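Visitor: File run_6.tsv follows (TSV, C-alpha atoms):
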chain	number	residue	atom	x	y	z
A	1	ALA	CA	-5.04	14.60	-94.85
A	2	ARG	CA	-8.26	13.45	-93.12
A	3	ASP	CA	-9.10	14.35	-89.57
A	4	ASP	CA	-11.68	12.81	-87.24
A	5	ARG	CA	-14.46	15.34	-88.01
A	6	ASP	CA	-17.72	14.22	-89.63
A	7	GLU	CA	-17.79	14.74	-93.37
A	8	THR	CA	-20.92	15.41	-95.41
A	9	ALA	CA	-21.93	13.87	-98.70
A	10	LEU	CA	-24.18	15.40	-101.39
A	11	THR	CA	-27.08	13.42	-102.70
A	12	PRO	CA	-28.52	14.04	-106.17
A	13	ASP	CA	-32.03	14.74	-104.93
A	14	GLY	CA	-31.76	15.93	-101.35
A	15	PRO	CA	-29.83	17.85	-98.72
A	16	PRO	CA	-26.45	16.80	-97.54
A	17	ILE	CA	-26.35	13.94	-94.97
A	18	PRO	CA	-23.60	13.17	-92.50
A	19	ALA	CA	-21.05	10.72	-93.73
A	20	ARG	CA	-19.61	7.99	-91.45
A	21	ARG	CA	-16.60	8.81	-89.41
A	22	THR	CA	-13.53	7.31	-90.82
A	23	LEU	CA	-11.38	7.61	-87.72
A	24	MET	CA	-11.96	7.27	-83.97
A	25	SER	CA	-15.58	6.12	-84.35
A	26	GLU	CA	-17.61	5.35	-81.21
A	27	PRO	CA	-17.27	1.71	-80.02
A	28	ARG	CA	-20.38	-0.42	-80.38
A	29	GLN	CA	-22.03	-1.13	-76.99
A	30	THR	CA	-22.87	-4.79	-76.22
A	31	PRO	CA	-25.60	-5.29	-73.66
A	32	VAL	CA	-24.47	-7.19	-70.58
A	33	GLY	CA	-26.71	-10.11	-69.56
A	34	ASN	CA	-27.87	-10.94	-66.03
A	35	PRO	CA	-25.97	-14.09	-64.88
A	36	ALA	CA	-28.51	-14.84	-62.14
A	37	LEU	CA	-31.38	-14.61	-64.62
A	38	LYS	CA	-29.57	-16.79	-67.14
A	39	SER	CA	-28.88	-19.39	-64.43
A	40	ARG	CA	-32.54	-19.44	-63.47
A	41	VAL	CA	-33.65	-19.80	-67.08
A	42	VAL	CA	-31.26	-22.73	-67.61
A	43	SER	CA	-32.39	-24.35	-64.36
A	44	ALA	CA	-36.05	-23.93	-65.31
A	45	ALA	CA	-35.38	-25.55	-68.70
A	46	ALA	CA	-33.80	-28.52	-66.91
A	47	LEU	CA	-36.71	-28.85	-64.47
A	48	PRO	CA	-38.14	-32.06	-66.05
A	49	LEU	CA	-34.84	-33.81	-65.20
A	50	ALA	CA	-34.83	-32.76	-61.54
A	51	PRO	CA	-37.20	-35.45	-60.14
A	52	LEU	CA	-35.28	-38.19	-61.93
A	53	TYR	CA	-31.98	-36.93	-60.62
A	54	GLY	CA	-33.35	-36.60	-57.08
A	55	ALA	CA	-34.47	-40.22	-57.26
A	56	SER	CA	-31.06	-41.31	-58.54
A	57	LEU	CA	-29.39	-39.52	-55.60
A	58	ALA	CA	-31.66	-41.33	-53.14
A	59	TYR	CA	-30.50	-44.63	-54.66
A	60	ARG	CA	-26.87	-43.56	-54.86
A	61	ALA	CA	-26.81	-42.52	-51.20
A	62	PHE	CA	-27.17	-46.18	-50.24
A	63	HIS	CA	-25.39	-47.65	-53.26
A	64	PRO	CA	-22.35	-45.36	-53.59
A	65	ARG	CA	-19.63	-45.71	-56.17
A	66	ARG	CA	-16.69	-47.68	-54.84
A	67	ARG	CA	-13.61	-45.74	-53.82
A	68	ALA	CA	-10.05	-46.97	-53.77
A	69	GLN	CA	-9.14	-48.40	-50.38
A	70	HIS	CA	-6.23	-46.73	-48.63
A	71	GLY	CA	-5.08	-48.05	-45.29
A	72	HIS	CA	-4.82	-51.36	-43.47
A	73	PRO	CA	-4.59	-52.37	-39.79
A	74	SER	CA	-0.95	-53.35	-40.30
A	75	ASP	CA	-0.20	-49.70	-41.11
A	76	TYR	CA	-1.14	-48.94	-37.49
A	77	GLY	CA	0.70	-51.90	-36.00
A	78	LEU	CA	-2.53	-53.80	-35.37
A	79	PRO	CA	-2.79	-57.61	-35.59
A	80	VAL	CA	-5.49	-58.56	-38.07
A	81	THR	CA	-7.57	-61.46	-39.32
A	82	GLU	CA	-9.69	-60.98	-42.46
A	83	LEU	CA	-13.32	-62.06	-42.19
A	84	LYS	CA	-16.00	-62.60	-44.83
A	85	ILE	CA	-19.35	-62.82	-43.06
A	86	PRO	CA	-22.20	-64.06	-45.32
A	87	PHE	CA	-25.43	-62.09	-45.45
A	88	THR	CA	-27.13	-63.89	-48.36
A	89	GLY	CA	-26.03	-66.52	-50.86
A	90	ARG	CA	-22.45	-65.82	-51.85
A	91	LYS	CA	-22.57	-62.23	-50.68
A	92	TYR	CA	-20.71	-61.15	-47.58
A	93	VAL	CA	-19.76	-58.34	-45.24
A	94	HIS	CA	-15.99	-57.83	-45.20
A	95	ALA	CA	-14.36	-57.22	-41.82
A	96	TRP	CA	-11.01	-56.94	-40.05
A	97	LEU	CA	-10.71	-58.53	-36.62
A	98	CYS	CA	-7.94	-57.10	-34.46
A	99	PRO	CA	-7.70	-59.29	-31.31
A	100	GLY	CA	-7.02	-57.48	-28.06
A	101	ALA	CA	-6.07	-58.49	-24.57
A	102	GLY	CA	-9.43	-59.59	-23.24
A	103	GLN	CA	-13.07	-60.41	-23.80
A	104	LYS	CA	-14.20	-56.88	-24.44
A	105	VAL	CA	-15.01	-56.11	-28.08
A	106	VAL	CA	-15.81	-52.93	-29.99
A	107	VAL	CA	-17.41	-53.26	-33.45
A	108	LEU	CA	-16.67	-50.24	-35.66
A	109	GLY	CA	-18.81	-49.04	-38.56
A	110	HIS	CA	-18.16	-46.12	-40.93
A	111	SER	CA	-19.86	-43.12	-42.53
A	112	MET	CA	-21.96	-43.06	-45.72
A	113	GLY	CA	-20.00	-43.63	-48.91
A	114	MET	CA	-16.82	-44.45	-46.98
A	115	SER	CA	-15.34	-47.69	-45.67
A	116	LYS	CA	-13.79	-49.26	-42.60
A	117	THR	CA	-10.42	-47.73	-43.48
A	118	ARG	CA	-11.79	-44.41	-42.16
A	119	SER	CA	-12.14	-45.98	-38.71
A	120	LEU	CA	-8.55	-47.19	-38.37
A	121	GLY	CA	-7.53	-44.28	-36.12
A	122	HIS	CA	-10.35	-45.18	-33.74
A	123	ALA	CA	-9.36	-48.84	-33.87
A	124	LYS	CA	-5.82	-47.87	-32.87
A	125	PHE	CA	-6.66	-46.03	-29.65
A	126	LEU	CA	-9.23	-48.68	-28.68
A	127	HIS	CA	-6.81	-51.54	-29.29
A	128	ASP	CA	-4.08	-49.71	-27.37
A	129	ALA	CA	-6.51	-49.58	-24.45
A	130	GLY	CA	-6.85	-53.38	-24.55
A	131	TYR	CA	-10.04	-53.86	-26.55
A	132	THR	CA	-10.54	-56.37	-29.32
A	133	VAL	CA	-11.67	-54.35	-32.34
A	134	CYS	CA	-13.65	-55.48	-35.38
A	135	LEU	CA	-13.98	-53.05	-38.30
A	136	PHE	CA	-16.50	-53.87	-41.04
A	137	ASP	CA	-17.79	-52.50	-44.33
A	138	HIS	CA	-21.53	-52.18	-44.75
A	139	ARG	CA	-22.93	-53.82	-47.89
A	140	ASN	CA	-22.38	-51.65	-50.98
A	141	HIS	CA	-19.32	-50.12	-49.30
A	142	GLY	CA	-15.61	-50.88	-49.22
A	143	ALA	CA	-14.79	-54.55	-49.79
A	144	SER	CA	-18.27	-55.89	-48.95
A	145	SER	CA	-20.62	-57.31	-51.56
A	146	VAL	CA	-23.15	-55.33	-53.57
A	147	ASP	CA	-26.83	-55.47	-52.65
A	148	ARG	CA	-28.95	-53.74	-55.30
A	149	ALA	CA	-32.19	-53.93	-53.31
A	150	LEU	CA	-34.36	-50.80	-53.33
A	151	LEU	CA	-36.61	-51.22	-50.32
A	152	GLY	CA	-36.18	-52.15	-46.67
A	153	LEU	CA	-32.66	-50.71	-46.61
A	154	GLY	CA	-32.88	-49.81	-42.93
A	155	ASP	CA	-33.25	-53.45	-41.93
A	156	ARG	CA	-30.66	-54.55	-44.50
A	157	PHE	CA	-27.94	-52.25	-43.19
A	158	ALA	CA	-28.90	-53.05	-39.61
A	159	SER	CA	-28.57	-56.76	-40.40
A	160	ASP	CA	-24.92	-56.13	-41.34
A	161	VAL	CA	-24.37	-55.08	-37.72
A	162	THR	CA	-26.23	-58.06	-36.31
A	163	ALA	CA	-24.37	-60.45	-38.65
A	164	VAL	CA	-20.96	-59.20	-37.53
A	165	VAL	CA	-21.82	-59.40	-33.82
A	166	SER	CA	-23.37	-62.86	-34.23
A	167	HIS	CA	-20.30	-64.10	-36.12
A	168	LEU	CA	-17.97	-62.83	-33.40
A	169	ARG	CA	-20.01	-64.54	-30.72
A	170	CYS	CA	-20.62	-67.84	-32.52
A	171	GLY	CA	-17.68	-68.18	-34.88
A	172	GLN	CA	-14.73	-66.32	-33.34
A	173	GLY	CA	-14.85	-67.34	-29.68
A	174	TYR	CA	-16.41	-64.20	-28.22
A	175	GLY	CA	-19.58	-65.82	-26.93
A	176	GLN	CA	-19.01	-64.52	-23.42
A	177	ALA	CA	-17.53	-61.18	-24.44
A	178	ARG	CA	-18.95	-57.78	-23.56
A	179	ILE	CA	-19.59	-56.05	-26.89
A	180	ALA	CA	-20.10	-52.41	-27.88
A	181	VAL	CA	-21.13	-51.20	-31.33
A	182	TYR	CA	-19.60	-47.91	-32.53
A	183	GLY	CA	-21.29	-46.00	-35.35
A	184	PHE	CA	-20.27	-42.99	-37.40
A	185	SER	CA	-22.87	-40.70	-38.98
A	186	PHE	CA	-24.71	-43.05	-41.38
A	187	SER	CA	-23.81	-46.19	-39.41
A	188	CYS	CA	-25.14	-44.59	-36.21
A	189	PHE	CA	-28.61	-45.02	-37.68
A	190	SER	CA	-28.05	-48.66	-38.65
A	191	SER	CA	-26.37	-49.43	-35.32
A	192	MET	CA	-29.34	-48.09	-33.37
A	193	TRP	CA	-31.89	-49.68	-35.68
A	194	ALA	CA	-30.19	-53.06	-35.18
A	195	LEU	CA	-31.46	-52.96	-31.60
A	196	THR	CA	-35.01	-53.25	-32.94
A	197	HIS	CA	-34.18	-56.68	-34.41
A	198	GLU	CA	-35.54	-59.53	-32.35
A	199	GLY	CA	-32.94	-61.53	-30.49
A	200	PHE	CA	-30.16	-58.96	-30.98
A	201	SER	CA	-28.54	-57.10	-28.14
A	202	VAL	CA	-25.20	-55.58	-27.23
A	203	ASP	CA	-23.79	-54.12	-24.02
A	204	ALA	CA	-23.23	-50.54	-25.18
A	205	LEU	CA	-23.62	-48.24	-28.18
A	206	VAL	CA	-21.34	-45.34	-29.16
A	207	CYS	CA	-22.43	-42.85	-31.83
A	208	ASP	CA	-20.16	-40.23	-33.41
A	209	SER	CA	-21.71	-37.38	-35.48
A	210	GLY	CA	-25.21	-38.75	-35.33
A	211	PRO	CA	-27.83	-39.94	-35.43
A	212	GLY	CA	-30.23	-37.02	-35.56
A	213	HIS	CA	-33.83	-36.83	-34.47
A	214	ASP	CA	-35.29	-36.08	-37.93
A	215	VAL	CA	-33.89	-37.60	-41.11
A	216	PRO	CA	-35.05	-35.28	-43.98
A	217	PRO	CA	-33.27	-32.15	-42.63
A	218	LEU	CA	-30.05	-34.14	-42.35
A	219	LEU	CA	-30.31	-35.31	-45.95
A	220	ARG	CA	-30.80	-31.70	-47.01
A	221	LYS	CA	-27.70	-30.62	-45.10
A	222	TYR	CA	-25.79	-33.58	-46.54
A	223	LEU	CA	-26.65	-32.34	-50.01
A	224	GLU	CA	-25.82	-28.72	-49.20
A	225	ALA	CA	-22.40	-29.78	-47.90
A	226	GLY	CA	-21.57	-31.28	-51.30
A	227	MET	CA	-21.52	-34.85	-50.02
A	228	LEU	CA	-23.73	-35.89	-52.94
A	229	PRO	CA	-22.99	-34.57	-56.46
A	230	VAL	CA	-25.36	-32.20	-58.25
A	231	PRO	CA	-24.54	-31.16	-61.85
A	232	ARG	CA	-24.41	-27.44	-62.61
A	233	LEU	CA	-27.50	-27.76	-64.79
A	234	LEU	CA	-29.55	-28.66	-61.71
A	235	SER	CA	-27.65	-26.69	-59.06
A	236	GLY	CA	-29.76	-23.54	-59.36
A	237	GLU	CA	-33.38	-22.76	-58.67
A	238	PRO	CA	-36.00	-23.97	-59.28
A	239	SER	CA	-34.42	-27.36	-60.14
A	240	LEU	CA	-32.37	-27.67	-56.95
A	241	SER	CA	-35.45	-27.46	-54.73
A	242	VAL	CA	-37.06	-30.28	-56.69
A	243	VAL	CA	-33.91	-32.45	-56.47
A	244	THR	CA	-33.73	-31.83	-52.72
A	245	GLY	CA	-37.42	-32.50	-52.15
A	246	VAL	CA	-37.35	-35.82	-54.01
A	247	LEU	CA	-34.19	-36.93	-52.18
A	248	CYS	CA	-35.57	-36.03	-48.75
A	249	SER	CA	-38.86	-37.82	-49.34
A	250	LEU	CA	-37.68	-40.86	-51.29
A	251	ALA	CA	-34.58	-41.82	-49.27
A	252	PRO	CA	-36.55	-42.39	-46.02
A	253	ALA	CA	-39.11	-44.35	-48.03
A	254	LEU	CA	-36.33	-46.65	-49.28
A	255	VAL	CA	-35.09	-47.13	-45.72
A	256	ARG	CA	-38.56	-48.05	-44.41
A	257	ALA	CA	-37.72	-47.53	-40.76
A	258	GLN	CA	-39.93	-45.78	-38.22
A	259	TRP	CA	-37.51	-43.17	-36.92
A	260	PRO	CA	-36.75	-42.40	-34.15
A	261	PRO	CA	-36.68	-45.84	-32.52
A	262	PRO	CA	-38.82	-46.54	-29.46
A	263	ALA	CA	-37.66	-45.38	-26.04
A	264	THR	CA	-38.67	-48.63	-24.36
A	265	GLY	CA	-37.24	-52.15	-24.13
A	266	LYS	CA	-33.55	-52.45	-24.96
A	267	PHE	CA	-33.33	-48.71	-25.61
A	268	ALA	CA	-34.19	-48.06	-21.97
A	269	GLU	CA	-31.50	-50.44	-20.73
A	270	ILE	CA	-28.41	-50.29	-22.94
A	271	PRO	CA	-25.91	-47.47	-22.21
A	272	LEU	CA	-25.73	-45.01	-25.11
A	273	LEU	CA	-23.08	-42.37	-25.82
A	274	PHE	CA	-23.84	-39.68	-28.39
A	275	MET	CA	-20.95	-37.44	-29.48
A	276	SER	CA	-21.42	-34.47	-31.79
A	277	GLY	CA	-19.10	-31.80	-33.13
A	278	GLU	CA	-19.70	-28.23	-32.03
A	279	ARG	CA	-19.28	-27.08	-35.66
A	280	ASP	CA	-21.05	-30.00	-37.32
A	281	ALA	CA	-23.05	-28.52	-40.21
A	282	ILE	CA	-24.60	-31.84	-41.25
A	283	VAL	CA	-25.83	-33.39	-37.98
A	284	PRO	CA	-25.79	-30.46	-35.55
A	285	PRO	CA	-25.64	-31.05	-31.78
A	286	SER	CA	-29.21	-29.80	-31.39
A	287	SER	CA	-30.52	-32.67	-33.55
A	288	VAL	CA	-28.44	-35.26	-31.68
A	289	ASP	CA	-29.54	-33.88	-28.30
A	290	ALA	CA	-33.19	-33.97	-29.36
A	291	LEU	CA	-32.82	-37.69	-30.08
A	292	ALA	CA	-30.79	-38.49	-26.96
A	293	GLU	CA	-33.41	-36.90	-24.70
A	294	ARG	CA	-35.73	-39.80	-25.52
A	295	TYR	CA	-33.51	-42.41	-23.85
A	296	ALA	CA	-32.96	-42.72	-20.12
A	297	GLN	CA	-29.54	-44.35	-20.49
A	298	ALA	CA	-28.15	-41.84	-22.99
A	299	GLU	CA	-25.16	-39.59	-22.43
A	300	THR	CA	-24.23	-36.71	-24.75
A	301	HIS	CA	-20.95	-34.96	-25.32
A	302	VAL	CA	-20.27	-31.99	-27.61
A	303	LEU	CA	-16.73	-31.94	-29.04
A	304	PRO	CA	-15.40	-28.34	-29.00
A	305	LYS	CA	-14.49	-26.85	-32.40
A	306	ALA	CA	-15.04	-30.19	-34.15
A	307	GLU	CA	-16.76	-30.50	-37.52
A	308	HIS	CA	-18.64	-33.54	-38.85
A	309	LEU	CA	-16.71	-36.76	-38.07
A	310	LEU	CA	-13.56	-34.82	-37.13
A	311	GLY	CA	-13.67	-35.16	-33.34
A	312	LEU	CA	-10.70	-37.52	-33.11
A	313	GLU	CA	-8.60	-35.41	-35.50
A	314	THR	CA	-9.49	-32.15	-33.73
A	315	ASN	CA	-8.49	-33.25	-30.23
A	316	PRO	CA	-7.29	-36.88	-30.09
A	317	GLU	CA	-6.60	-37.05	-26.36
A	318	ALA	CA	-9.86	-35.47	-25.23
A	319	TYR	CA	-11.86	-37.54	-27.72
A	320	ALA	CA	-10.30	-40.84	-26.67
A	321	LYS	CA	-10.81	-40.01	-22.99
A	322	VAL	CA	-14.56	-39.50	-23.44
A	323	VAL	CA	-14.93	-42.81	-25.29
A	324	LEU	CA	-12.69	-44.87	-23.01
A	325	ASP	CA	-14.33	-43.52	-19.84
A	326	PHE	CA	-17.74	-44.47	-21.20
A	327	LEU	CA	-16.65	-47.95	-22.32
A	328	LYS	CA	-15.01	-48.63	-18.98
A	329	ARG	CA	-18.30	-47.93	-17.22
A	330	ALA	CA	-20.46	-49.69	-19.80
A	331	LEU	CA	-18.40	-52.84	-20.37
A	332	GLY	CA	-16.83	-53.10	-16.94
Could you quickly redo this structure as structure tokens?

Guide:
Amino acid sequence: ARDDRDETALTPDGPPIPARRTLMSEPRQTPVGNPALKSRVVSAAALPLAPLYGASLAYRAFHPRRRAQHGHPSDYGLPVTELKIPFTGRKYVHAWLCPGAGQKVVVLGHSMGMSKTRSLGHAKFLHDAGYTVCLFDHRNHGASSVDRALLGLGDRFASDVTAVVSHLRCGQGYGQARIAVYGFSFSCFSSMWALTHEGFSVDALVCDSGPGHDVPPLLRKYLEAGMLPVPRLLSGEPSLSVVTGVLCSLAPALVRAQWPPPATGKFAEIPLLFMSGERDAIVPPSSVDALAERYAQAETHVLPKAEHLLGLETNPEAYAKVVLDFLKRALG
């Protein structure tokens, strides 16, 4: 019987040499690779694709893929009239008008990539307080028409706001109404920028989770939070830095708006309320406060424990009180 000791074999023209073990031989060692190094090598190989993908993200930020719509004013017991407000040719901004008890109107926007359905909870507490509420989808969002334009997007999205307000005043019988515009994150920027348009004015502006003082850092945080998709091939360094850099430089160029807006004219007269979440990782309170400090009529409120756009969900009663107190003072 064999055991596990080395055997020797005789060669015809030399000394004996060890034979291979036949039992219980040593296992072969496989070198373990460095995952971090491998990831960096793969990312470096994909580097030529990074600028193109960064550019595509800049476009996609303002032309997001459509999502299924879930929710309707009737789900919240709100009366509703559907509106299609033209912005060019056969293209239109889609809106829901929920008539209230008087001539005080709040126009609600929505966050980037979302739709007016996300603002239904806000519409509910405002309507319960007696306000007429109009929720609308920006172009390229929700049920509104597609606009494939590349440049001047700041004025284009702002014109959605001005078109809705003008339609309410001229086409829906609210010519003498006191009107507030209410933005959320992305639509905070367009709502404020609308005030730079000649001939447009409202009586108050409410901003939730934005806008911030500087745009590129917010885009970077938006990307870091996973709000825009990055494939694994480009998610490591050095490709990710290139994707981020292109996004943060190209997106503002597509918007073509001199941000922040001036602190004079309408911005020195119209009451402004800026609300930010204490735990907002995308548009932190410090960025909102830095912007608000420019405007004499601005008020700021930090929502305790709230993350980005989650102020109403975090503390509904406290949130509604802040907004309703402001609107009561601003709209009379």

Visitor: Show which residues sit within 12 Å of A:Gly265, as a PyMOL selection string. Count only C-alpha atoms, and ignore same-chain residues fewer than 5 positions away.

Guide: chain A and resi 195-198+200-201+270+295-297

Visitor: Which value, in Å to one decimal, gives the distance between atom CA of A:Arg66 and atom CA of A:Ser115?

Guide: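 Separation between atom CA of A:Arg66 and atom CA of A:Ser115: 9.3 Å.
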
Visitor: Which residues of stretch 21-136 of chain A have any atom within 9 Å of an atom in stretch 232-244 of chain A when counting all atoms listed in the file, and what is the closest pair of atoms for each, with the distance in Å to one decimal? Order the rows by chain and rising number and write it as JSON lines.

Guide:
{"residue": "A:Ser39", "atom": "CA", "partner": "A:Gly236", "partner_atom": "CA", "distance": 6.6}
{"residue": "A:Arg40", "atom": "CA", "partner": "A:Glu237", "partner_atom": "CA", "distance": 5.9}
{"residue": "A:Val41", "atom": "CA", "partner": "A:Glu237", "partner_atom": "CA", "distance": 8.9}
{"residue": "A:Val42", "atom": "CA", "partner": "A:Leu233", "partner_atom": "CA", "distance": 6.9}
{"residue": "A:Ser43", "atom": "CA", "partner": "A:Ser239", "partner_atom": "CA", "distance": 5.6}
{"residue": "A:Ala44", "atom": "CA", "partner": "A:Pro238", "partner_atom": "CA", "distance": 6.0}
{"residue": "A:Ala45", "atom": "CA", "partner": "A:Ser239", "partner_atom": "CA", "distance": 8.8}
{"residue": "A:Ala46", "atom": "CA", "partner": "A:Leu233", "partner_atom": "CA", "distance": 6.7}
{"residue": "A:Leu47", "atom": "CA", "partner": "A:Ser239", "partner_atom": "CA", "distance": 5.1}
{"residue": "A:Pro48", "atom": "CA", "partner": "A:Ser239", "partner_atom": "CA", "distance": 8.4}
{"residue": "A:Leu49", "atom": "CA", "partner": "A:Leu234", "partner_atom": "CA", "distance": 8.2}
{"residue": "A:Ala50", "atom": "CA", "partner": "A:Val243", "partner_atom": "CA", "distance": 5.2}
{"residue": "A:Pro51", "atom": "CA", "partner": "A:Val243", "partner_atom": "CA", "distance": 5.8}
{"residue": "A:Leu52", "atom": "CA", "partner": "A:Val243", "partner_atom": "CA", "distance": 8.0}
{"residue": "A:Tyr53", "atom": "CA", "partner": "A:Val243", "partner_atom": "CA", "distance": 6.4}
{"residue": "A:Gly54", "atom": "CA", "partner": "A:Val243", "partner_atom": "CA", "distance": 4.2}
{"residue": "A:Ala55", "atom": "CA", "partner": "A:Val243", "partner_atom": "CA", "distance": 7.8}
{"residue": "A:Leu57", "atom": "CA", "partner": "A:Val243", "partner_atom": "CA", "distance": 8.4}

Visitor: A:Leu135, A:Ala149, A:Ala180, A:Val246: which is nearest A:Arg220, counting all atoms listed in the file?

Guide: A:Val246

Visitor: I'd like the neighbourhood of A:Pro217 as JSON, numbers by chain, where a residue qualifies if any of its atoms comes within 9 Å (using all atoms listed in the file), though same-chain residues fewer than 2 positions away should be ignored.

Guide: {"A": [214, 215, 219, 220, 221, 222, 248, 282, 283]}

Visitor: Output the selection as an mmCIF file, keeping the file's coordinate frame - C-alpha atoms for each residue.

Guide:
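Generated output (part02.cif):
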data_model
loop_
_atom_site.group_PDB
_atom_site.id
_atom_site.type_symbol
_atom_site.label_atom_id
_atom_site.label_comp_id
_atom_site.auth_asym_id
_atom_site.auth_seq_id
_atom_site.Cartn_x
_atom_site.Cartn_y
_atom_site.Cartn_z
ATOM 1 C CA ASP A 214 -35.290 -36.080 -37.930
ATOM 2 C CA VAL A 215 -33.890 -37.600 -41.110
ATOM 3 C CA LEU A 219 -30.310 -35.310 -45.950
ATOM 4 C CA ARG A 220 -30.800 -31.700 -47.010
ATOM 5 C CA LYS A 221 -27.700 -30.620 -45.100
ATOM 6 C CA TYR A 222 -25.790 -33.580 -46.540
ATOM 7 C CA CYS A 248 -35.570 -36.030 -48.750
ATOM 8 C CA ILE A 282 -24.600 -31.840 -41.250
ATOM 9 C CA VAL A 283 -25.830 -33.390 -37.980
#

Visitor: Check the smallest atom-to-atom distance from each of A:Ser159, A:Gly210, A:Met192, A:Gln103 to A:Pro261 using all atoms listed in the file, then report the winner.

Guide: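 Closest to A:Pro261 of all the choices is A:Met192.
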
Visitor: Please list, as a PyMOL selection string, the residues that have an atom at most 12 Å away from (-31.8, -34.8, -27.0) in the coordinates of this file, counting all atoms listed in the file.

Guide: chain A and resi 210-214+260+273-276+284-302

Visitor: Using all atoms listed in the file, which of the listed residues (A:Leu247, A:Ala194, A:Leu309, A:Val164) sits closest to A:Lys266?

Guide: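 Ranked by minimum distance to A:Lys266, first place goes to A:Ala194.
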
Visitor: With only C-alpha atoms as the basis for distance, which of A:Gly226, A:His127, A:Gly109, A:Arg256 is at the shortest distance from A:Cys188?

Guide: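 Of all the options, A:Gly109 lies closest to A:Cys188.
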
Visitor: Just the residues within 7 Å of A:Gly277, please, counting all atoms listed in the file, with nothing from its chain fewer than 5 positions along; format it as a ChimeraX atom specification.

Guide: /A:209,285,302-308,311

Visitor: Compile the contact shell of A:Phe125 as a list in words: residues with an atom at most 10 Å away, counting all atoms listed in the file, same-chain residues fewer than 5 positions apart removed.

Guide: Leu120, Gly130, Tyr131, Pro316, Glu317, Ala320, Lys321, Val323 and Leu324 of chain A

Visitor: Could you tell me how far atom CA of A:Gly71 lies from atom CA of A:Cys207, in Å and to one decimal?

Guide: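 Taking atom CA of A:Gly71 as the start and atom CA of A:Cys207 as the end point, the length is 22.6 Å.
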
Visitor: Take atom CA of A:Met112 and atom CA of A:Arg169 and report the distance between them in Å, one decimal.

Guide: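 For atom CA of A:Met112 relative to atom CA of A:Arg169, the distance reads 26.3 Å.
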